[in-house]
Amino acid sequence: MRISNVYRPMIFGCQADERLPQVARRMTERNVGALAVLEGEQVTGVITERDLAEAMATCRDPVTVTAAAFASTELRTARLDEDTRDVARRMLEAGVRHMPVDEDGRLVGMVSMRDLLAVETWAS
Amino acid sequence: MLVREVMTAPVVTVPRTWTATQAVRLLCEKDITAAPVVDESGRMIGIVSEMDLLRGELEADPRAYLHFAAASDARPALEVEEVMTPNVKTVREDTDVLELVELLVTMGMKSVPVVRGDELVGIVSRRDLMRMLAAGGDDADQ
């Protein structure tokens, strides 16, 4: 099975200068665990629930901190034509539950560990 | 703030006798990332997460990586107990949330069960912490 069969063709994002409570609200409203971080329309990173938990653990006043401070700028992406099991292995190795999906250098969606687990379960 | 103020209760649990596939379906249906595994008497014996289940599926039979469709018919069903994490870290209802957050981050945990004595009374996940953080700040009503 290919990523193109299971990914979610939409990217929910936040601006790099948005503060963490707003970022957390976007995640809970959209029911997602990761957001693309944007400067204007340019994707500069990804911020996840884990990043926000780390901010809560390490910042004296996390509500004043911006998304950019805790976003990961090292983008690990999945390709549309990549095998779902290859991506699942890369997620496990990296210890991440979400990956942006890339098509010719452009982000076109997101795939989560949940999506990949569903493939395994319904395929078996 | 105390754990009891942010925890989710009652807790969705997975019986120890279930297969990994049954557990995956439950996590998807309930939209949760992990669930405590309980024995016949309701005592918690472990916790199983999406990551445990996916790793279990991929590692159960290395050949399945190349020939998944054929191999899945041949291999016995993977049991929850084979992939769960035993010896679960827990917190009490009156634990400070900041102590819990530190546990989540330093131990790389995604959810922590909440116990009262031996009884499982709740669970706190990263998602619960997101709701707490979302309620903070002076732009909470935007």
# chains A, B, ... in the order shown; residues from 1 in each chain; ligands from 1
$ select_by_dssp --residues "chain B" --states "strand (DSSP E)" --output "PyMOL selection string"
chain B and resi 14-15+34-38+44-49+91-92+111-116+119-125
$ closest_atom_pairs --of "chain A" --to "chain B" --cutoff "8 Å" --atoms "only C-alpha atoms" --output "Markdown table"
| residue | atom | partner | partner_atom | distance |
| --- | --- | --- | --- | --- |
| A:Leu20 | CA | B:Leu133 | CA | 7.4 |
| A:Pro21 | CA | B:Ala134 | CA | 4.3 |
| A:Gln22 | CA | B:Ala134 | CA | 6.2 |
| A:Val23 | CA | B:Ala134 | CA | 7.5 |
| A:Ala24 | CA | B:Ala134 | CA | 4.9 |
| A:Arg25 | CA | B:Ala134 | CA | 4.8 |
| A:Met27 | CA | B:Met130 | CA | 7.7 |
| A:Thr28 | CA | B:Arg131 | CA | 6.7 |
| A:Gly33 | CA | B:Arg127 | CA | 7.9 |
| A:Glu49 | CA | B:Arg126 | CA | 6.3 |
| A:Arg50 | CA | B:Arg126 | CA | 7.2 |
| A:Leu52 | CA | B:Met130 | CA | 7.5 |
| A:Ala53 | CA | B:Val101 | CA | 6.5 |
| A:Glu54 | CA | B:Val105 | CA | 5.9 |
| A:Met56 | CA | B:Val101 | CA | 7.0 |
| A:Ala57 | CA | B:Glu102 | CA | 5.3 |
| A:Val63 | CA | B:Gly137 | CA | 5.2 |
| A:Thr64 | CA | B:Gly137 | CA | 7.3 |
| A:Arg85 | CA | B:Tyr65 | CA | 7.0 |
| A:Ala88 | CA | B:Leu54 | CA | 7.5 |
| A:Arg89 | CA | B:Leu58 | CA | 7.8 |
| A:Leu92 | CA | B:Met51 | CA | 7.0 |
| A:Arg97 | CA | B:Met51 | CA | 7.9 |
| A:Met113 | CA | B:Glu50 | CA | 7.1 |
| A:Arg114 | CA | B:Glu50 | CA | 6.9 |
| A:Leu117 | CA | B:Leu54 | CA | 6.1 |
| A:Ala118 | CA | B:Val24 | CA | 7.4 |
| A:Glu120 | CA | B:Glu57 | CA | 7.6 |
| A:Thr121 | CA | B:Thr21 | CA | 5.7 |
| A:Ala123 | CA | B:Ala69 | CA | 7.9 |
| A:Ser124 | CA | B:Ser72 | CA | 6.3 |
$ closest_residue --among "B:Leu120, B:Met107, B:Leu26, B:Val12" --to "Ile45 in chain B" --atoms "only C-alpha atoms"
B:Leu120
$ residues_around --residues "Thr17 in chain B" --least-positions-apart "4" --cutoff "8 Å" --atoms "only C-alpha atoms" --output "list in words"
Glu79, Val80 and Glu81 of chain B
$ write_last_selection --atoms "N, CA, C and O atoms" --output "JSON list (two decimals), in the first residue's frame"
[["chain", "number", "residue", "atom", "x", "y", "z"],
["B", 79, "GLU", "N", -0.83, -11.26, 20.13],
["B", 79, "GLU", "CA", -1.58, -10.97, 21.35],
["B", 79, "GLU", "C", -1.14, -9.63, 21.94],
["B", 79, "GLU", "O", 0.03, -9.26, 21.83],
["B", 80, "VAL", "N", -2.08, -8.96, 22.57],
["B", 80, "VAL", "CA", -1.77, -7.68, 23.22],
["B", 80, "VAL", "C", -0.62, -7.83, 24.22],
["B", 80, "VAL", "O", 0.27, -6.97, 24.29],
["B", 81, "GLU", "N", -0.64, -8.91, 24.96],
["B", 81, "GLU", "CA", 0.39, -9.11, 25.99],
["B", 81, "GLU", "C", 1.80, -9.19, 25.40],
["B", 81, "GLU", "O", 2.78, -8.93, 26.09]]
$ residues_around --residues "Val124 in chain B" --least-positions-apart "6" --cutoff "8 Å" --atoms "only C-alpha atoms" --output "compact mmCIF listing (two decimals) with C-alpha atoms, in the first residue's frame"
# COMPACT_ATOMS: atom_id res chain seq x y z
CA VAL B 3 -4.02 15.40 38.07
CA VAL B 6 -7.21 17.14 33.90
CA MET B 7 -7.48 13.35 33.78
CA THR B 8 -9.92 11.44 31.59
CA SER B 111 -0.17 8.71 28.62
CA VAL B 112 0.03 7.97 32.32
CA PRO B 113 -2.61 5.94 34.19
CA VAL B 114 -3.99 7.44 37.40
$ closest_residue --among "A:Ala94, A:Leu80, A:Ala55, A:Ala36" --to "Ala16 in chain A" --atoms "only C-alpha atoms"
A:Ala36
$ residues_around --residues "range 11-14 of chain A" --least-positions-apart "3" --cutoff "6 Å" --atoms "only C-alpha atoms" --output "list in words"
Leu35, Ala36, Val37 and Gly109 of chain A
